[in-house]
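This is protein_11.pdb (PDB, C-alpha atoms).
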ATOM      1  CA  MET A  29      69.093  30.322  19.555  1.00  0.00           C
ATOM      2  CA  ARG A  30      71.114  27.571  17.908  1.00  0.00           C
ATOM      3  CA  ARG A  31      72.420  28.617  14.517  1.00  0.00           C
ATOM      4  CA  GLU A  32      71.459  26.268  11.670  1.00  0.00           C
ATOM      5  CA  ALA A  33      74.406  24.397  10.224  1.00  0.00           C
ATOM      6  CA  PRO A  34      75.383  25.486   6.696  1.00  0.00           C
ATOM      7  CA  PRO A  35      74.391  22.978   4.000  1.00  0.00           C
ATOM      8  CA  HIS A  36      76.384  20.519   1.964  1.00  0.00           C
ATOM      9  CA  VAL A  37      75.196  19.817  -1.595  1.00  0.00           C
ATOM     10  CA  ALA A  38      75.178  16.385  -3.264  1.00  0.00           C
ATOM     11  CA  LEU A  39      74.009  15.412  -6.762  1.00  0.00           C
ATOM     12  CA  VAL A  40      73.000  11.760  -7.127  1.00  0.00           C
ATOM     13  CA  GLY A  41      71.471   9.803  -9.997  1.00  0.00           C
ATOM     14  CA  ASP A  42      71.827   8.407 -13.487  1.00  0.00           C
ATOM     15  CA  SER A  43      73.809   9.615 -16.509  1.00  0.00           C
ATOM     16  CA  ASP A  44      72.120  13.015 -16.329  1.00  0.00           C
ATOM     17  CA  ILE A  45      74.164  13.451 -13.145  1.00  0.00           C
ATOM     18  CA  SER A  46      77.359  11.670 -14.208  1.00  0.00           C
ATOM     19  CA  ARG A  47      77.561  13.742 -17.417  1.00  0.00           C
ATOM     20  CA  TRP A  48      76.937  17.073 -15.660  1.00  0.00           C
ATOM     21  CA  PRO A  49      79.901  19.300 -16.667  1.00  0.00           C
ATOM     22  CA  ALA A  50      82.042  20.307 -13.704  1.00  0.00           C
ATOM     23  CA  GLN A  51      82.015  23.964 -14.772  1.00  0.00           C
ATOM     24  CA  LEU A  52      78.192  23.966 -14.793  1.00  0.00           C
ATOM     25  CA  LEU A  53      77.520  22.286 -11.463  1.00  0.00           C
ATOM     26  CA  PRO A  54      75.139  24.257  -9.237  1.00  0.00           C
ATOM     27  CA  SER A  55      77.089  26.703  -7.121  1.00  0.00           C
ATOM     28  CA  ALA A  56      77.262  25.713  -3.483  1.00  0.00           C
ATOM     29  CA  PRO A  57      75.697  28.300  -1.141  1.00  0.00           C
ATOM     30  CA  THR A  58      78.264  30.823   0.040  1.00  0.00           C
ATOM     31  CA  CYS A  59      78.057  29.467   3.565  1.00  0.00           C
ATOM     32  CA  SER A  60      78.502  25.828   2.541  1.00  0.00           C
ATOM     33  CA  PRO A  61      81.489  24.011   4.092  1.00  0.00           C
ATOM     34  CA  SER A  62      82.156  22.446   0.655  1.00  0.00           C
ATOM     35  CA  SER A  63      83.127  24.654  -2.265  1.00  0.00           C
ATOM     36  CA  LYS A  64      81.853  22.080  -4.795  1.00  0.00           C
ATOM     37  CA  PRO A  65      78.891  19.694  -4.726  1.00  0.00           C
ATOM     38  CA  ILE A  66      79.535  16.004  -4.169  1.00  0.00           C
ATOM     39  CA  VAL A  67      78.590  14.094  -7.338  1.00  0.00           C
ATOM     40  CA  ARG A  68      77.497  10.444  -7.559  1.00  0.00           C
ATOM     41  CA  GLY A  69      76.164   9.548 -10.990  1.00  0.00           C
ATOM     42  CA  ARG A  70      76.159   6.314 -12.954  1.00  0.00           C
ATOM     43  CA  SER A  71      74.960   5.655 -16.478  1.00  0.00           C
ATOM     44  CA  GLY A  72      71.955   3.351 -16.462  1.00  0.00           C
ATOM     45  CA  ALA A  73      71.162   3.850 -12.771  1.00  0.00           C
ATOM     46  CA  THR A  74      67.566   3.206 -11.737  1.00  0.00           C
ATOM     47  CA  LEU A  75      65.545   4.479  -8.810  1.00  0.00           C
ATOM     48  CA  ASP A  76      66.091   1.177  -6.995  1.00  0.00           C
ATOM     49  CA  GLU A  77      69.812   1.960  -6.966  1.00  0.00           C
ATOM     50  CA  LEU A  78      69.465   5.500  -5.684  1.00  0.00           C
ATOM     51  CA  ALA A  79      69.525   4.809  -1.932  1.00  0.00           C
ATOM     52  CA  PRO A  80      73.015   3.192  -1.810  1.00  0.00           C
ATOM     53  CA  MET A  81      74.323   5.906  -4.125  1.00  0.00           C
ATOM     54  CA  VAL A  82      73.013   8.534  -1.701  1.00  0.00           C
ATOM     55  CA  ASP A  83      74.747   6.704   1.150  1.00  0.00           C
ATOM     56  CA  SER A  84      78.005   6.729  -0.825  1.00  0.00           C
ATOM     57  CA  ALA A  85      77.723  10.441  -1.552  1.00  0.00           C
ATOM     58  CA  LEU A  86      76.921  11.403   2.004  1.00  0.00           C
ATOM     59  CA  ALA A  87      79.754   9.268   3.353  1.00  0.00           C
ATOM     60  CA  ASP A  88      82.105  11.631   1.522  1.00  0.00           C
ATOM     61  CA  ILE A  89      80.902  14.718   3.336  1.00  0.00           C
ATOM     62  CA  PRO A  90      83.970  16.293   4.917  1.00  0.00           C
ATOM     63  CA  ASN A  91      84.442  16.799   8.615  1.00  0.00           C
ATOM     64  CA  SER A  92      82.673  13.631   9.722  1.00  0.00           C
ATOM     65  CA  PRO A  93      80.920  12.885  11.986  1.00  0.00           C
ATOM     66  CA  ILE A  94      78.144  14.943  10.423  1.00  0.00           C
ATOM     67  CA  ASN A  95      75.498  14.973  13.148  1.00  0.00           C
ATOM     68  CA  GLY A  96      73.601  18.239  13.022  1.00  0.00           C
ATOM     69  CA  CYS A  97      74.613  19.154   9.482  1.00  0.00           C
ATOM     70  CA  SER A  98      72.321  20.194   6.657  1.00  0.00           C
ATOM     71  CA  ILE A  99      72.193  18.370   3.300  1.00  0.00           C
ATOM     72  CA  ILE A 100      70.711  19.432  -0.034  1.00  0.00           C
ATOM     73  CA  LEU A 101      70.213  16.318  -2.183  1.00  0.00           C
ATOM     74  CA  VAL A 102      69.672  16.863  -5.920  1.00  0.00           C
ATOM     75  CA  LEU A 103      68.333  13.584  -7.312  1.00  0.00           C
ATOM     76  CA  CYS A 104      67.653  12.486 -10.892  1.00  0.00           C
ATOM     77  CA  ALA A 105      66.554   9.019 -12.048  1.00  0.00           C
ATOM     78  CA  GLY A 106      63.547   7.133 -13.376  1.00  0.00           C
ATOM     79  CA  GLU A 107      63.908   7.266 -17.152  1.00  0.00           C
ATOM     80  CA  ASN A 108      66.101   4.146 -17.169  1.00  0.00           C
ATOM     81  CA  ASP A 109      63.411   2.332 -15.190  1.00  0.00           C
ATOM     82  CA  LEU A 110      60.943   2.923 -18.025  1.00  0.00           C
ATOM     83  CA  GLY A 111      63.622   1.929 -20.530  1.00  0.00           C
ATOM     84  CA  GLN A 112      63.952  -1.425 -18.777  1.00  0.00           C
ATOM     85  CA  GLY A 113      60.219  -2.018 -19.144  1.00  0.00           C
ATOM     86  CA  TYR A 114      59.242  -1.462 -15.520  1.00  0.00           C
ATOM     87  CA  SER A 115      55.597  -0.536 -14.963  1.00  0.00           C
ATOM     88  CA  ILE A 116      54.662   3.004 -13.948  1.00  0.00           C
ATOM     89  CA  GLY A 117      53.461   1.631 -10.610  1.00  0.00           C
ATOM     90  CA  ARG A 118      56.788  -0.035  -9.911  1.00  0.00           C
ATOM     91  CA  VAL A 119      58.773   3.071 -10.859  1.00  0.00           C
ATOM     92  CA  ILE A 120      56.667   5.301  -8.625  1.00  0.00           C
ATOM     93  CA  SER A 121      57.031   2.819  -5.735  1.00  0.00           C
ATOM     94  CA  SER A 122      60.797   2.845  -6.288  1.00  0.00           C
ATOM     95  CA  PHE A 123      60.782   6.649  -6.151  1.00  0.00           C
ATOM     96  CA  GLU A 124      58.889   6.599  -2.866  1.00  0.00           C
ATOM     97  CA  ALA A 125      61.320   4.050  -1.408  1.00  0.00           C
ATOM     98  CA  ALA A 126      64.297   6.169  -2.489  1.00  0.00           C
ATOM     99  CA  ILE A 127      62.821   9.281  -0.866  1.00  0.00           C
ATOM    100  CA  ASP A 128      61.990   7.334   2.297  1.00  0.00           C
ATOM    101  CA  ALA A 129      65.621   6.177   2.444  1.00  0.00           C
ATOM    102  CA  CYS A 130      66.837   9.785   2.332  1.00  0.00           C
ATOM    103  CA  PHE A 131      64.808  10.666   5.400  1.00  0.00           C
ATOM    104  CA  VAL A 132      65.699   7.459   7.249  1.00  0.00           C
ATOM    105  CA  TRP A 133      69.287   8.570   6.741  1.00  0.00           C
ATOM    106  CA  GLN A 134      68.280  11.959   8.140  1.00  0.00           C
ATOM    107  CA  LEU A 135      67.018  10.367  11.343  1.00  0.00           C
ATOM    108  CA  ARG A 136      70.044   8.086  11.641  1.00  0.00           C
ATOM    109  CA  GLN A 137      72.542  10.924  11.255  1.00  0.00           C
ATOM    110  CA  GLN A 138      70.461  13.570  13.047  1.00  0.00           C
ATOM    111  CA  CYS A 139      70.879  16.011  10.214  1.00  0.00           C
ATOM    112  CA  LYS A 140      68.497  18.095   8.114  1.00  0.00           C
ATOM    113  CA  VAL A 141      67.791  16.807   4.588  1.00  0.00           C
ATOM    114  CA  ASN A 142      66.162  18.698   1.714  1.00  0.00           C
ATOM    115  CA  VAL A 143      65.534  16.902  -1.577  1.00  0.00           C
ATOM    116  CA  ILE A 144      65.313  18.495  -5.025  1.00  0.00           C
ATOM    117  CA  PHE A 145      64.155  15.905  -7.571  1.00  0.00           C
ATOM    118  CA  LEU A 146      64.639  16.585 -11.285  1.00  0.00           C
ATOM    119  CA  GLY A 147      61.778  14.829 -13.067  1.00  0.00           C
ATOM    120  CA  PRO A 148      61.691  13.102 -16.462  1.00  0.00           C
ATOM    121  CA  LYS A 149      62.104  15.284 -19.549  1.00  0.00           C
ATOM    122  CA  PHE A 150      60.921  15.085 -23.133  1.00  0.00           C
ATOM    123  CA  GLU A 151      63.963  14.283 -25.289  1.00  0.00           C
ATOM    124  CA  PRO A 152      64.408  14.442 -29.086  1.00  0.00           C
ATOM    125  CA  TRP A 153      64.061  10.671 -29.506  1.00  0.00           C
ATOM    126  CA  LEU A 154      60.510  10.956 -28.089  1.00  0.00           C
ATOM    127  CA  ILE A 155      59.233  13.329 -30.788  1.00  0.00           C
ATOM    128  CA  ASP A 156      57.396  10.611 -32.740  1.00  0.00           C
ATOM    129  CA  ASP A 157      56.973   8.056 -29.956  1.00  0.00           C
ATOM    130  CA  HIS A 158      53.587   9.069 -28.568  1.00  0.00           C
ATOM    131  CA  ALA A 159      53.242   5.979 -26.388  1.00  0.00           C
ATOM    132  CA  ALA A 160      56.521   6.736 -24.642  1.00  0.00           C
ATOM    133  CA  ARG A 161      55.507  10.384 -24.200  1.00  0.00           C
ATOM    134  CA  LYS A 162      52.353   9.260 -22.402  1.00  0.00           C
ATOM    135  CA  GLN A 163      54.463   7.040 -20.145  1.00  0.00           C
ATOM    136  CA  TYR A 164      56.728   9.971 -19.284  1.00  0.00           C
ATOM    137  CA  LEU A 165      53.672  12.120 -18.545  1.00  0.00           C
ATOM    138  CA  LYS A 166      52.180   9.458 -16.252  1.00  0.00           C
ATOM    139  CA  LEU A 167      55.500   9.031 -14.480  1.00  0.00           C
ATOM    140  CA  SER A 168      55.919  12.763 -13.936  1.00  0.00           C
ATOM    141  CA  LYS A 169      52.419  13.087 -12.491  1.00  0.00           C
ATOM    142  CA  GLY A 170      52.888  10.047 -10.261  1.00  0.00           C
ATOM    143  CA  ILE A 171      56.205  11.217  -8.861  1.00  0.00           C
ATOM    144  CA  ARG A 172      54.804  14.700  -8.222  1.00  0.00           C
ATOM    145  CA  ARG A 173      51.848  13.170  -6.358  1.00  0.00           C
ATOM    146  CA  VAL A 174      54.132  11.117  -4.111  1.00  0.00           C
ATOM    147  CA  ALA A 175      56.352  14.151  -3.418  1.00  0.00           C
ATOM    148  CA  GLU A 176      53.358  16.329  -2.512  1.00  0.00           C
ATOM    149  CA  ARG A 177      51.793  13.711  -0.223  1.00  0.00           C
ATOM    150  CA  HIS A 178      54.972  12.519   1.474  1.00  0.00           C
ATOM    151  CA  GLU A 179      55.215  13.095   5.208  1.00  0.00           C
ATOM    152  CA  HIS A 180      58.321  15.185   4.547  1.00  0.00           C
ATOM    153  CA  SER A 181      56.759  17.071   1.622  1.00  0.00           C
ATOM    154  CA  SER A 182      57.840  20.434   3.023  1.00  0.00           C
ATOM    155  CA  HIS A 183      61.436  19.290   2.448  1.00  0.00           C
ATOM    156  CA  ILE A 184      60.895  17.894  -1.069  1.00  0.00           C
ATOM    157  CA  THR A 185      60.911  19.958  -4.259  1.00  0.00           C
ATOM    158  CA  TYR A 186      59.709  18.242  -7.419  1.00  0.00           C
ATOM    159  CA  VAL A 187      61.022  20.002 -10.525  1.00  0.00           C
ATOM    160  CA  ASP A 188      58.764  19.311 -13.516  1.00  0.00           C
ATOM    161  CA  CYS A 189      61.168  18.960 -16.467  1.00  0.00           C
ATOM    162  CA  LEU A 190      58.777  17.447 -19.028  1.00  0.00           C
ATOM    163  CA  THR A 191      58.613  20.454 -21.366  1.00  0.00           C
ATOM    164  CA  MET A 192      61.446  22.454 -19.848  1.00  0.00           C
ATOM    165  CA  PHE A 193      63.548  22.093 -22.999  1.00  0.00           C
ATOM    166  CA  CYS A 194      60.740  22.462 -25.549  1.00  0.00           C
ATOM    167  CA  GLY A 195      60.687  26.231 -25.994  1.00  0.00           C
ATOM    168  CA  ASP A 196      57.487  27.861 -27.311  1.00  0.00           C
ATOM    169  CA  SER A 197      56.033  24.523 -28.427  1.00  0.00           C
ATOM    170  CA  ALA A 198      55.429  23.728 -24.747  1.00  0.00           C
ATOM    171  CA  ASP A 199      52.765  26.452 -24.604  1.00  0.00           C
ATOM    172  CA  VAL A 200      50.429  25.159 -27.346  1.00  0.00           C
ATOM    173  CA  ALA A 201      47.318  23.062 -26.800  1.00  0.00           C
ATOM    174  CA  GLY A 202      48.149  19.350 -26.611  1.00  0.00           C
ATOM    175  CA  ALA A 203      51.799  20.051 -25.819  1.00  0.00           C
ATOM    176  CA  LEU A 204      52.137  17.291 -23.250  1.00  0.00           C
ATOM    177  CA  THR A 205      50.758  14.479 -25.374  1.00  0.00           C
ATOM    178  CA  SER A 206      52.039  15.340 -28.835  1.00  0.00           C
ATOM    179  CA  ARG A 207      52.838  18.955 -29.679  1.00  0.00           C
ATOM    180  CA  ALA A 208      55.811  19.834 -27.450  1.00  0.00           C
ATOM    181  CA  VAL A 209      59.045  19.448 -29.417  1.00  0.00           C
ATOM    182  CA  PRO A 210      62.407  19.315 -27.578  1.00  0.00           C
ATOM    183  CA  GLU A 211      64.839  21.874 -28.982  1.00  0.00           C
ATOM    184  CA  ARG A 212      68.018  20.286 -30.288  1.00  0.00           C
ATOM    185  CA  LYS A 213      70.269  22.976 -28.833  1.00  0.00           C
ATOM    186  CA  TYR A 214      69.556  21.684 -25.343  1.00  0.00           C
ATOM    187  CA  PHE A 215      70.638  18.132 -26.160  1.00  0.00           C
ATOM    188  CA  HIS A 216      73.742  16.217 -27.097  1.00  0.00           C
ATOM    189  CA  ASP A 217      73.969  14.758 -30.590  1.00  0.00           C
ATOM    190  CA  ASP A 218      72.661  11.446 -29.234  1.00  0.00           C
ATOM    191  CA  GLY A 219      69.244  13.035 -28.692  1.00  0.00           C
ATOM    192  CA  LEU A 220      69.188  11.662 -25.166  1.00  0.00           C
ATOM    193  CA  HIS A 221      71.554  13.565 -22.903  1.00  0.00           C
ATOM    194  CA  LEU A 222      71.667  17.283 -22.201  1.00  0.00           C
ATOM    195  CA  SER A 223      74.104  19.648 -23.870  1.00  0.00           C
ATOM    196  CA  ASN A 224      75.884  22.424 -22.005  1.00  0.00           C
ATOM    197  CA  GLU A 225      72.939  24.690 -22.858  1.00  0.00           C
ATOM    198  CA  GLY A 226      70.597  22.219 -21.182  1.00  0.00           C
ATOM    199  CA  TYR A 227      72.749  21.958 -18.080  1.00  0.00           C
ATOM    200  CA  LYS A 228      72.843  25.741 -17.809  1.00  0.00           C
ATOM    201  CA  ILE A 229      69.069  25.639 -17.376  1.00  0.00           C
ATOM    202  CA  TRP A 230      69.271  22.936 -14.726  1.00  0.00           C
ATOM    203  CA  LYS A 231      72.020  24.797 -12.905  1.00  0.00           C
ATOM    204  CA  GLY A 232      69.802  27.881 -12.719  1.00  0.00           C
ATOM    205  CA  ILE A 233      66.755  25.857 -11.652  1.00  0.00           C
ATOM    206  CA  VAL A 234      68.581  24.134  -8.791  1.00  0.00           C
ATOM    207  CA  GLU A 235      70.163  27.353  -7.544  1.00  0.00           C
ATOM    208  CA  SER A 236      66.788  29.117  -7.733  1.00  0.00           C
ATOM    209  CA  GLU A 237      65.000  26.340  -5.812  1.00  0.00           C
ATOM    210  CA  VAL A 238      67.607  26.500  -3.057  1.00  0.00           C
ATOM    211  CA  ARG A 239      67.038  30.247  -2.704  1.00  0.00           C
ATOM    212  CA  GLN A 240      63.239  30.235  -3.024  1.00  0.00           C
ATOM    213  CA  ARG A 241      62.635  27.508  -0.481  1.00  0.00           C
ATOM    214  CA  GLY A 242      64.926  29.167   1.993  1.00  0.00           C
ATOM    215  CA  ILE A 243      67.048  26.059   2.305  1.00  0.00           C
ATOM    216  CA  CYS A 244      70.055  28.250   2.881  1.00  0.00           C
ATOM    217  CA  LYS A 245      69.696  31.559   4.668  1.00  0.00           C
ATOM    218  CA  CYS A 246      73.326  32.568   4.482  1.00  0.00           C
TER     219      CYS A 246
END
Structure translated into C-alpha cells:
Amino acid sequence: MRREAPPHVALVGDSDISRWPAQLLPSAPTCSPSSKPIVRGRSGATLDELAPMVDSALADIPNSPINGCSIILVLCAGENDLGQGYSIGRVISSFEAAIDACFVWQLRQQCKVNVIFLGPKFEPWLIDDHAARKQYLKLSKGIRRVAERHEHSSHITYVDCLTMFCGDSADVAGALTSRAVPERKYFHDDGLHLSNEGYKIWKGIVESEVRQRGICKC
C-alpha cells in the first residue's frame, strides 16, 4: 500500500491572515515536511483575489515538483467583499470560484487538497449595526451551504466564526441577530482585527480540525 504523503500547511487570505502572529500560527503536523506554515495574507484582500494568492503560496512549497503531496489550505476572506458593497450573491459566487480553483490546482498538480475556511466573525464595530450583522449572518449561511454541497465537500471544513468570540452572550435567544456581543479581549484596539487571545482560539480550532478530520494520520 502506498503511504500517503505528509501534508504541507498554507494560510491564505486577508488581514486576518497577514496579521496572524508568527508565534501563534497553527503548528504543522509532526510529519509535515515544513516546520512552519506558508503564509500569504494581504490587507483588504477579497475572495476574488484568493485564487492567485493560493497559487503564490503553493509555489513556495519546498522540494518541488510537488506531485503526490498533500496540502492543508487554511483560507479566510469575505468580510472585505461586504465592506466594498458587493452583494451577498456575488460574495458567495466568489467563494465558490475560489474553492473551485483550489481543486483545479489539485488536479493539475496531482496532489491532495483539504480546505479549512474560517468564516466571517462578529466584531466589536458591529455591536450596534444590526443591518451589517444580518449581512454577516446571510454570508455565513451561504458560504456554509456552498461548502456542504460542493463536489469536494468531504475535503472542505467550514468553521463558523460568527459568535466564536462572543462568550456567554452567544448562547442567549436572538444572539445571531442582535444579542451576541463580541468580547473586547479577543480583539485589537481597532475593534476589527483579532488580538493574541483571539488568534489563540483560531490556532486551537485549526489544529483541532486537522486532527478530527483525519487530514494527517502521522
Task: Contacts of Glu176 of chain A within 12 Å, all atoms listed in the file, excl. fewer than 3 positions in-chain, as an MDAnalysis selection string - done: chainID A and resid 124 127 145 169:173 179:187
Dump as an mmCIF file, in the coordinates of the input, selection limited to C-alpha atoms:
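Written out: result.cif:
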data_model
loop_
_atom_site.group_PDB
_atom_site.id
_atom_site.type_symbol
_atom_site.label_atom_id
_atom_site.label_comp_id
_atom_site.auth_asym_id
_atom_site.auth_seq_id
_atom_site.Cartn_x
_atom_site.Cartn_y
_atom_site.Cartn_z
ATOM 1 C CA GLU A 124 58.889 6.599 -2.866
ATOM 2 C CA ILE A 127 62.821 9.281 -0.866
ATOM 3 C CA PHE A 145 64.155 15.905 -7.571
ATOM 4 C CA LYS A 169 52.419 13.087 -12.491
ATOM 5 C CA GLY A 170 52.888 10.047 -10.261
ATOM 6 C CA ILE A 171 56.205 11.217 -8.861
ATOM 7 C CA ARG A 172 54.804 14.700 -8.222
ATOM 8 C CA ARG A 173 51.848 13.170 -6.358
ATOM 9 C CA GLU A 179 55.215 13.095 5.208
ATOM 10 C CA HIS A 180 58.321 15.185 4.547
ATOM 11 C CA SER A 181 56.759 17.071 1.622
ATOM 12 C CA SER A 182 57.840 20.434 3.023
ATOM 13 C CA HIS A 183 61.436 19.290 2.448
ATOM 14 C CA ILE A 184 60.895 17.894 -1.069
ATOM 15 C CA THR A 185 60.911 19.958 -4.259
ATOM 16 C CA TYR A 186 59.709 18.242 -7.419
ATOM 17 C CA VAL A 187 61.022 20.002 -10.525
#
Please tabulate, as a tab-separated table, the residues of segment 98-203 of chain A that come within 10 Å of segment 36-41 of chain A, each with its closest pair of atoms and the distance in Å to one decimal, counting all atoms listed in the file and ordering rows by chain, then residue number upward.
residue	atom	partner	partner_atom	distance
A:Ser98	CA	A:His36	CA	6.2
A:Ile99	CA	A:His36	CA	4.9
A:Ile100	CA	A:Val37	CA	4.8
A:Leu101	CA	A:Ala38	CA	5.1
A:Val102	CA	A:Leu39	CA	4.7
A:Leu103	CA	A:Val40	CA	5.0
A:Cys104	CA	A:Gly41	CA	4.8
A:Ala105	CA	A:Gly41	CA	5.4
A:Gly106	CA	A:Gly41	CA	9.0
A:Val141	CA	A:His36	CA	9.7
A:Asn142	CA	A:Val37	CA	9.7
A:Val143	CA	A:Ala38	CA	9.8
A:Ile144	CA	A:Leu39	CA	9.4
A:Phe145	CA	A:Val40	CA	9.8
A:Leu146	CA	A:Gly41	CA	9.7
Open item on the list: So the first atom is atom CA of Gln163 of chain A and the second is atom CA of Gly111 of chain A; what is the distance between them in Å, to one decimal place?
Closed with: 10.5 Å
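Here atom CA of His178 of chain A is placed at a distance of 15.8 Å from atom CA of Trp133 of chain A.
Among the candidate residues A:Ile45, A:Ala85, A:Ala125, A:Val238, the one lying nearest to Ser71 of chain A is A:Ile45, with distances computed using only C-alpha atoms.
What separates atom CA of Glu77 of chain A from atom CA of Leu190 of chain A is a distance of 22.5 Å.
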Starting from 4 Å padding per side, set up an axis-aligned box that covers all listed atoms of segment 186-194 of chain A and hand over centre and edge lengths in Å, one decimal, as AutoDock Vina command-line options.
--center_x 61.1 --center_y 20.0 --center_z -16.5 --size_x 12.9 --size_y 13.0 --size_z 26.1
TODO: Carefully work through the PyMOL selection byres ((chain A and resi 75) around 7) for this structure and note down the residues it includes, as number ranges by chain.
DONE: A: 73-74, 76-78, 105-106, 122-123, 126
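Only residues having an atom at most 9 Å from (68.2, 12.1, -21.1) are included; using only C-alpha atoms, these are A:Ser43, A:Asp44, A:Glu107, A:Pro148, A:Lys149, A:Phe150, A:Glu151, A:Phe215, A:Gly219, A:Leu220, A:His221, A:Leu222.
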Open item on the list: Just checking: using all atoms listed in the file, which residue out of A:Arg207, A:Pro49, A:Ala198, A:Phe193 ends up closest to Asp157 of chain A?
Closed with: A:Arg207
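Remark: for Leu86 of chain A, the closest of the candidate residues A:Val209, A:Leu167, A:Cys130, A:Leu154 is A:Cys130 (distances computed over only C-alpha atoms).
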Task: Residues within 12 Å of segment 50-56 of chain A, all atoms listed in the file, excluding chain neighbours under 4 positions, as a PyMOL selection string - done: chain A and resi 34-39+44-46+60-67+99-102+222-239+243-244+246
Open item on the list: Taking only C-alpha atoms into account, name the residue in A:Ile89, A:Ala208, A:Val174, A:Ala160 that is nearest to Cys194 of chain A.
Closed with: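 With only C-alpha atoms as the atom set, the closest residue is A:Ala208.
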- [ ] Carefully work through the PyMOL selection byres ((chain A and resi 205) around 8) for this structure and note down the residues it includes, as number ranges by chain.
- [x] A: 158, 161-162, 165, 202-204, 206-208
